[in-house]
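J.: Below you will find the structure I want to go over with you.
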Amino acid sequence: MLTVDDVAVEFGSKRIFDHLSMKLGSGELVSLVGPSGSGKTTLLRAIAGLQPLASGQIYVGERNVTDLPTYRRGIGMVFQDNQLFSHLSVFENVAYSLRIKHIPREIREQLVADMLKVVGLAGFDKRTTMQLSGGEAKRVAVARSLVAEPSVLLLDEPLSGLDGELHARLLLDLSVLLRQRGTTVVHVTHDLEEARELSDRIVDIRLLSQ
Amino acid sequence: MSNPLPSPITVRSPYRAAAPALAILPTLAIALFVLWPLVNIFSRALSWSVIARLAFNPTIRQVLWFSTWQALASTTITLVVAFPATYVLARFRFPGKRMLLALVTIPFVLPTVVVGAAFLALLPNSLHRSIVAILIAHTYFNIAVVVRIVGRRWEQVSPLINDAASTLGGSPLRIFRTLTLPTLSTAIRSASAVIFLLCFTSYGIIRVLGGPARATLEVEIYSRAVQLGDFAGAAALSLFQLVVLGLAMWWWIRSTRGSHDLARIQMHAAVPQTLRQRIVVYGISATTAIVVAAPLATVFIRSISTSTGVSLDAWRLVFGNHVTGLGTRPPLAAFWTSLQYAIATAVIAGVIGLAAAAAIAYGDRSTRPVEGLVMLPLATSAVTLGLGLLITFDSGITDLRARWIMVPIAHSLVALPVVVRTMLPVIRSIPQSVRDASATLGASKWQMWLTIDRSLIARAWVTSLAFAGAISLGEFGASSFLTRRNSATLPTEIARLLGRPGDLVQAQAYVLASLLIVFIAVSLLAVDGLRPDRVAV
């Protein structure tokens, strides 16, 4: 489903990684681990099209998306700090991609309501993002990405900043949700325990560079 | 649900007992030199016969219409023209960025007369005294307002928000429309209100570029009072203008209240990465630099240009102290007068401003109204201030019109809000814990103030003095009412010379404008060197 073929990323004269390749099958959940500064987040941003490549190709299925802008790739991403749109309500945040696709209002409302139910936030639609706790904001960020039905979902340390019981509960919910939906996922974390719970395969990013 | 932030503990200032005494001087100054003159204006204007005479006067209706539409047009054009530079300066980090930001700010701190003179020199004769020239000059003058107000908001918005929208399928145009614009809307409204107010009350630019057929309310007030001797009519128009300014400010405060606080973290601008980004950043930067620098350069070029070619005659005449252009004294005398006024203004505004800022920062509810009082000159136009002073201090023991101190007093009133706004955040930012530490080491309140507050306030105070001096050097509105031929300031002398025929006479106006540009630039560089970015504790 996702093929990263011999890619390199540079910041100015500094090469973050090169000759990096990886392949994910449809519905596969892969966790990327590695020390800080090894380029995990940079790789996710490169896959999403948010970071230009110095070289290499990225495919979603058979489609070469290397030269496509982010919004045409069909790749969703949950950011470490959620990046919710704080001038929009919870409903409007989750409905953002549906509005872009011109989904009729009634269907949009239904899809958002269903998705909020799935992530355990039924009835939260009218709240502002400022009224959410850390865990609730994270669930909204996940719901916002999933409702767009991306071909590939990128999770950049999605549970960082959450601790104890909340972390465990969200991890379980996320794992069940992603498997039920059969979403192809690249998950970045520095928490090996989290990686084991969530993914089918754990990969050290340093081993991906040939 | 998120835990609400604990409310900050209110620490009472150790100097609060002194605050009421500190409030006396600024309160008296505002009451005497702003409120009393305003009451005088009201009492002259509040007559049905005067109001009826003006209301049915087609010239006044034309002036009102012109003031309004040119201000709206100037605001719209400025927002559009300044947007690319605002984007580049807010979102990117690149070599020369600080210099470009400083360059963009210069037009806003230049005297409006100099801006008018610059475009008189730059634009072809066919555009002189035209609405196009006015709109261009207003846009040039106000670019910094958009760059500073909107840019400040824009650079706080996390670029990751756009990334998130991108991953949800948002195209750059849609992201701009659905995320960027709503995020910036409050800042855009703020900037629009400031630009509208500045253009609605435009005076110096209109006096130089407008011609007789194009007068704003501010110019009409001046013409009625000084040229027609119709003080009642001028007072009525001042009153009307006060109401319009009050309404505009009310709308501004109301529209910016309760805005969304999108990003609380100051994000770092990014280095342009792709070739396209580099073309956009450097292309817009270079264009902006040329657009801003060209009128300034033209002022210098025009000062050495005569019909016979390049010549330093105008500089020789100015520095040779020759009387010129039907004047009664040499143009350079205006330079020395302005310098004296600037020093006097710095002293007066510095003392009153320090007392006001301390009274506000150290005081409690009882001294809080001082903050509103010292901002009053901001809501009152400089021309209205000048008119008020002129009609109030004109007889008996209060006959100060002909005294030289009247001009620095007026300039101090114009500078007072800036002086207070420069010092207040610095005084407020001094941590109480530092004062507590000095108390535990045996310092009395007075010793505490001398050793802690005074040393931390000193730089901000000197900065505010430089600001006050620079404002005095460029002040034109109040000066046009209060200066005489033998006490002309640089801006009034420039306006006088520009109104006289003859290449060499006009070139001397540009010599004075060049001196003013250099002087103000030096003052602001001094301010930049002294800027109290943070309190070093």
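Every chain in the structure tokens has a letter given in the order shown (A, B, ...), and although residue numbers restart at 1 in each chain, ligands are simply numbered from 1 in the order shown.
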So which residues of segment 81-116 of chain B fall under alpha helix (DSSP H) by DSSP, listed as a PyMOL selection string?
T.: chain B and resi 81-91+97-109+112-116
J.: Go ahead and save the residues from that selection, with N, CA and C atoms, as a PDB file, in the first residue's frame.
T.:
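File produced: again01.pdb:
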ATOM      1  N   VAL B  81      -1.802  45.825  -0.754  1.00  0.00           N
ATOM      2  CA  VAL B  81      -0.394  46.060  -1.138  1.00  0.00           C
ATOM      3  C   VAL B  81       0.571  45.508  -0.083  1.00  0.00           C
ATOM      4  N   ALA B  82       0.195  45.645   1.182  1.00  0.00           N
ATOM      5  CA  ALA B  82       1.121  45.239   2.248  1.00  0.00           C
ATOM      6  C   ALA B  82       1.103  43.734   2.500  1.00  0.00           C
ATOM      7  N   PHE B  83       0.106  43.033   1.938  1.00  0.00           N
ATOM      8  CA  PHE B  83      -0.051  41.611   2.265  1.00  0.00           C
ATOM      9  C   PHE B  83       1.157  40.749   1.885  1.00  0.00           C
ATOM     10  N   PRO B  84       1.702  40.881   0.667  1.00  0.00           N
ATOM     11  CA  PRO B  84       2.858  40.028   0.326  1.00  0.00           C
ATOM     12  C   PRO B  84       4.039  40.236   1.272  1.00  0.00           C
ATOM     13  N   ALA B  85       4.358  41.505   1.575  1.00  0.00           N
ATOM     14  CA  ALA B  85       5.488  41.780   2.478  1.00  0.00           C
ATOM     15  C   ALA B  85       5.199  41.238   3.873  1.00  0.00           C
ATOM     16  N   THR B  86       3.946  41.366   4.307  1.00  0.00           N
ATOM     17  CA  THR B  86       3.556  40.857   5.625  1.00  0.00           C
ATOM     18  C   THR B  86       3.760  39.348   5.675  1.00  0.00           C
ATOM     19  N   TYR B  87       3.335  38.672   4.611  1.00  0.00           N
ATOM     20  CA  TYR B  87       3.464  37.210   4.535  1.00  0.00           C
ATOM     21  C   TYR B  87       4.925  36.792   4.639  1.00  0.00           C
ATOM     22  N   VAL B  88       5.752  37.417   3.817  1.00  0.00           N
ATOM     23  CA  VAL B  88       7.169  37.032   3.773  1.00  0.00           C
ATOM     24  C   VAL B  88       7.850  37.315   5.117  1.00  0.00           C
ATOM     25  N   LEU B  89       7.572  38.505   5.682  1.00  0.00           N
ATOM     26  CA  LEU B  89       8.242  38.871   6.933  1.00  0.00           C
ATOM     27  C   LEU B  89       7.734  38.046   8.121  1.00  0.00           C
ATOM     28  N   ALA B  90       6.479  37.598   8.042  1.00  0.00           N
ATOM     29  CA  ALA B  90       5.932  36.831   9.167  1.00  0.00           C
ATOM     30  C   ALA B  90       6.295  35.355   9.102  1.00  0.00           C
ATOM     31  N   ARG B  91       6.379  34.823   7.892  1.00  0.00           N
ATOM     32  CA  ARG B  91       6.498  33.364   7.771  1.00  0.00           C
ATOM     33  C   ARG B  91       7.900  32.861   7.469  1.00  0.00           C
ATOM     34  N   LYS B  97      16.345  40.197   6.794  1.00  0.00           N
ATOM     35  CA  LYS B  97      14.956  40.346   7.241  1.00  0.00           C
ATOM     36  C   LYS B  97      14.799  41.521   8.220  1.00  0.00           C
ATOM     37  N   ARG B  98      15.722  41.631   9.169  1.00  0.00           N
ATOM     38  CA  ARG B  98      15.632  42.713  10.160  1.00  0.00           C
ATOM     39  C   ARG B  98      15.734  44.073   9.488  1.00  0.00           C
ATOM     40  N   MET B  99      16.626  44.141   8.503  1.00  0.00           N
ATOM     41  CA  MET B  99      16.821  45.412   7.800  1.00  0.00           C
ATOM     42  C   MET B  99      15.557  45.778   7.014  1.00  0.00           C
ATOM     43  N   LEU B 100      14.949  44.763   6.387  1.00  0.00           N
ATOM     44  CA  LEU B 100      13.733  45.014   5.611  1.00  0.00           C
ATOM     45  C   LEU B 100      12.604  45.487   6.533  1.00  0.00           C
ATOM     46  N   LEU B 101      12.510  44.856   7.705  1.00  0.00           N
ATOM     47  CA  LEU B 101      11.480  45.241   8.674  1.00  0.00           C
ATOM     48  C   LEU B 101      11.686  46.693   9.110  1.00  0.00           C
ATOM     49  N   ALA B 102      12.947  47.064   9.347  1.00  0.00           N
ATOM     50  CA  ALA B 102      13.246  48.442   9.757  1.00  0.00           C
ATOM     51  C   ALA B 102      12.909  49.408   8.618  1.00  0.00           C
ATOM     52  N   LEU B 103      13.258  49.009   7.390  1.00  0.00           N
ATOM     53  CA  LEU B 103      13.017  49.859   6.224  1.00  0.00           C
ATOM     54  C   LEU B 103      11.512  50.097   6.029  1.00  0.00           C
ATOM     55  N   VAL B 104      10.731  49.024   6.189  1.00  0.00           N
ATOM     56  CA  VAL B 104       9.285  49.118   6.009  1.00  0.00           C
ATOM     57  C   VAL B 104       8.662  50.030   7.074  1.00  0.00           C
ATOM     58  N   THR B 105       9.307  50.075   8.251  1.00  0.00           N
ATOM     59  CA  THR B 105       8.761  50.871   9.355  1.00  0.00           C
ATOM     60  C   THR B 105       9.038  52.367   9.172  1.00  0.00           C
ATOM     61  N   ILE B 106      10.108  52.696   8.444  1.00  0.00           N
ATOM     62  CA  ILE B 106      10.519  54.101   8.331  1.00  0.00           C
ATOM     63  C   ILE B 106       9.387  55.024   7.853  1.00  0.00           C
ATOM     64  N   PRO B 107       8.635  54.674   6.769  1.00  0.00           N
ATOM     65  CA  PRO B 107       7.595  55.612   6.320  1.00  0.00           C
ATOM     66  C   PRO B 107       6.611  55.990   7.426  1.00  0.00           C
ATOM     67  N   PHE B 108       6.295  55.033   8.306  1.00  0.00           N
ATOM     68  CA  PHE B 108       5.304  55.306   9.340  1.00  0.00           C
ATOM     69  C   PHE B 108       5.812  56.320  10.369  1.00  0.00           C
ATOM     70  N   VAL B 109       7.123  56.330  10.594  1.00  0.00           N
ATOM     71  CA  VAL B 109       7.648  57.263  11.594  1.00  0.00           C
ATOM     72  C   VAL B 109       8.076  58.590  10.958  1.00  0.00           C
ATOM     73  N   THR B 112       4.396  63.290   8.124  1.00  0.00           N
ATOM     74  CA  THR B 112       3.530  63.138   6.943  1.00  0.00           C
ATOM     75  C   THR B 112       3.874  64.175   5.875  1.00  0.00           C
ATOM     76  N   VAL B 113       4.352  65.332   6.305  1.00  0.00           N
ATOM     77  CA  VAL B 113       4.739  66.365   5.333  1.00  0.00           C
ATOM     78  C   VAL B 113       5.878  65.848   4.455  1.00  0.00           C
ATOM     79  N   VAL B 114       6.814  65.121   5.064  1.00  0.00           N
ATOM     80  CA  VAL B 114       7.952  64.593   4.308  1.00  0.00           C
ATOM     81  C   VAL B 114       7.464  63.518   3.326  1.00  0.00           C
ATOM     82  N   VAL B 115       6.523  62.681   3.784  1.00  0.00           N
ATOM     83  CA  VAL B 115       5.966  61.660   2.886  1.00  0.00           C
ATOM     84  C   VAL B 115       5.289  62.347   1.701  1.00  0.00           C
ATOM     85  N   GLY B 116       4.512  63.382   1.984  1.00  0.00           N
ATOM     86  CA  GLY B 116       3.860  64.142   0.918  1.00  0.00           C
ATOM     87  C   GLY B 116       4.889  64.729  -0.032  1.00  0.00           C
TER      88      GLY B 116
END
J.: Extract the full set of strand (DSSP E) residues from segment 27-62 of chain A according to DSSP on the backbone, and format it as a PDB file with C-alpha atoms, in the first residue's frame.
T.:
ATOM      1  CA  LEU A  29       0.409  -1.113  11.150  1.00  0.00           C
ATOM      2  CA  VAL A  30       4.109  -0.355  11.400  1.00  0.00           C
ATOM      3  CA  SER A  31       5.805   1.451  14.273  1.00  0.00           C
ATOM      4  CA  LEU A  32       8.964   3.397  13.552  1.00  0.00           C
ATOM      5  CA  VAL A  33      11.332   3.732  16.483  1.00  0.00           C
ATOM      6  CA  SER A  55      15.864  12.219  -3.941  1.00  0.00           C
ATOM      7  CA  GLY A  56      13.729   9.063  -4.088  1.00  0.00           C
ATOM      8  CA  GLN A  57      10.103   8.157  -4.773  1.00  0.00           C
ATOM      9  CA  ILE A  58       6.968   7.572  -2.725  1.00  0.00           C
ATOM     10  CA  TYR A  59       4.072   5.386  -3.907  1.00  0.00           C
ATOM     11  CA  VAL A  60       0.591   4.919  -2.479  1.00  0.00           C
TER      12      VAL A  60
END
J.: Restricting the calculation to only C-alpha atoms: of A:Phe17, A:Phe11, A:Tyr71, A:Phe124, which residue gets closest to chain B?
T.: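 With only C-alpha atoms as the atom set, the closest residue is A:Tyr71.
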J.: Report as a Markdown table the residues of chain A within 8 Å of chain B, each with its shortest atom pair and distance in Å (one decimal), using only C-alpha atoms, ordered by chain and increasing residue number.
T.:
| residue | atom | partner | partner_atom | distance |
| --- | --- | --- | --- | --- |
| A:Ala48 | CA | B:Thr167 | CA | 6.9 |
| A:Leu50 | CA | B:Asp163 | CA | 6.7 |
| A:Pro52 | CA | B:Thr274 | CA | 7.5 |
| A:Thr70 | CA | B:Ser166 | CA | 5.6 |
| A:Tyr71 | CA | B:Gly169 | CA | 4.0 |
| A:Arg72 | CA | B:Gly169 | CA | 6.3 |
| A:Arg73 | CA | B:Thr167 | CA | 8.0 |
| A:Gly74 | CA | B:Gly169 | CA | 7.2 |
| A:Ile75 | CA | B:Thr167 | CA | 6.1 |
| A:Gly76 | CA | B:Thr167 | CA | 5.0 |
| A:Met77 | CA | B:Thr167 | CA | 6.1 |
| A:Val78 | CA | B:Ala164 | CA | 7.7 |
| A:Phe79 | CA | B:Ala164 | CA | 7.4 |
| A:Gln83 | CA | B:Ile161 | CA | 5.3 |
| A:Leu84 | CA | B:Ile161 | CA | 7.2 |
| A:Phe85 | CA | B:Ile161 | CA | 7.0 |
| A:Ser86 | CA | B:Leu262 | CA | 5.8 |
| A:His87 | CA | B:His260 | CA | 6.2 |
| A:Tyr96 | CA | B:Leu168 | CA | 7.4 |
| A:Ser97 | CA | B:Leu168 | CA | 5.2 |
| A:Ile100 | CA | B:Gly170 | CA | 6.6 |
| A:Met130 | CA | B:Ser2 | CA | 7.8 |
| A:Gln131 | CA | B:Met1 | CA | 6.0 |
| A:Leu132 | CA | B:Met1 | CA | 5.0 |
| A:Ser133 | CA | B:Met1 | CA | 4.2 |
| A:Gly134 | CA | B:Ser2 | CA | 7.0 |
| A:Glu136 | CA | B:Met1 | CA | 7.9 |
| A:Ser145 | CA | B:Leu168 | CA | 6.7 |
| A:Ala148 | CA | B:Leu168 | CA | 6.6 |
J.: May I have the residues from that selection written out with C-alpha atoms, as a PDB file, in the first residue's frame?
T.:
ATOM      1  CA  ALA A  48       2.883  13.365   3.682  1.00  0.00           C
ATOM      2  CA  LEU A  50       5.234  18.382   3.915  1.00  0.00           C
ATOM      3  CA  PRO A  52      10.649  18.115   0.120  1.00  0.00           C
ATOM      4  CA  THR A  70       0.060  17.090   0.251  1.00  0.00           C
ATOM      5  CA  TYR A  71      -3.623  17.730  -0.274  1.00  0.00           C
ATOM      6  CA  ARG A  72      -3.745  15.468  -3.320  1.00  0.00           C
ATOM      7  CA  ARG A  73      -1.915  12.491  -1.775  1.00  0.00           C
ATOM      8  CA  GLY A  74      -4.755  11.024   0.278  1.00  0.00           C
ATOM      9  CA  ILE A  75      -2.399  10.587   3.213  1.00  0.00           C
ATOM     10  CA  GLY A  76      -3.711  11.627   6.637  1.00  0.00           C
ATOM     11  CA  MET A  77      -1.626  12.595   9.616  1.00  0.00           C
ATOM     12  CA  VAL A  78      -2.204  12.948  13.348  1.00  0.00           C
ATOM     13  CA  PHE A  79       0.262  15.468  14.721  1.00  0.00           C
ATOM     14  CA  GLN A  83      -3.025  20.948  15.615  1.00  0.00           C
ATOM     15  CA  LEU A  84      -6.760  21.358  16.032  1.00  0.00           C
ATOM     16  CA  PHE A  85      -8.247  24.480  14.435  1.00  0.00           C
ATOM     17  CA  SER A  86      -9.126  26.444  17.516  1.00  0.00           C
ATOM     18  CA  HIS A  87     -11.420  28.919  15.752  1.00  0.00           C
ATOM     19  CA  TYR A  96     -13.185  19.895   7.745  1.00  0.00           C
ATOM     20  CA  SER A  97     -12.177  17.357   5.086  1.00  0.00           C
ATOM     21  CA  ILE A 100     -13.569  20.290   1.284  1.00  0.00           C
ATOM     22  CA  MET A 130     -10.359  25.046  24.308  1.00  0.00           C
ATOM     23  CA  GLN A 131     -12.941  23.076  26.288  1.00  0.00           C
ATOM     24  CA  LEU A 132     -11.268  19.739  25.615  1.00  0.00           C
ATOM     25  CA  SER A 133      -8.918  17.824  27.875  1.00  0.00           C
ATOM     26  CA  GLY A 134      -5.660  16.420  26.471  1.00  0.00           C
ATOM     27  CA  GLU A 136     -10.343  14.451  24.231  1.00  0.00           C
ATOM     28  CA  SER A 145      -8.039  12.320  10.195  1.00  0.00           C
ATOM     29  CA  ALA A 148     -11.301  11.693   5.622  1.00  0.00           C
TER      30      ALA A 148
END
J.: Could you give me, as a ChimeraX atom specification, the residues within 12 Å of Phe231 of chain B, counting only C-alpha atoms and dropping anything in the same chain fewer than 5 positions from it?
T.: /B:40-45,50,220-226,236-238,384,387-388,390-392
J.: Point out the residue among B:Ser202, B:Ser523, B:Gln432, B:Gln447 with the least atom-to-atom distance to Ser13 of chain B, counting only C-alpha atoms.
T.: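 Using only C-alpha atoms, Ser13 of chain B sits closest to B:Gln432.
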J.: Which residue, A:Ile16, A:Val9, A:Leu170, A:Phe91, has the smallest gap to Ala113 of chain A when you use only C-alpha atoms?
T.: A:Phe91
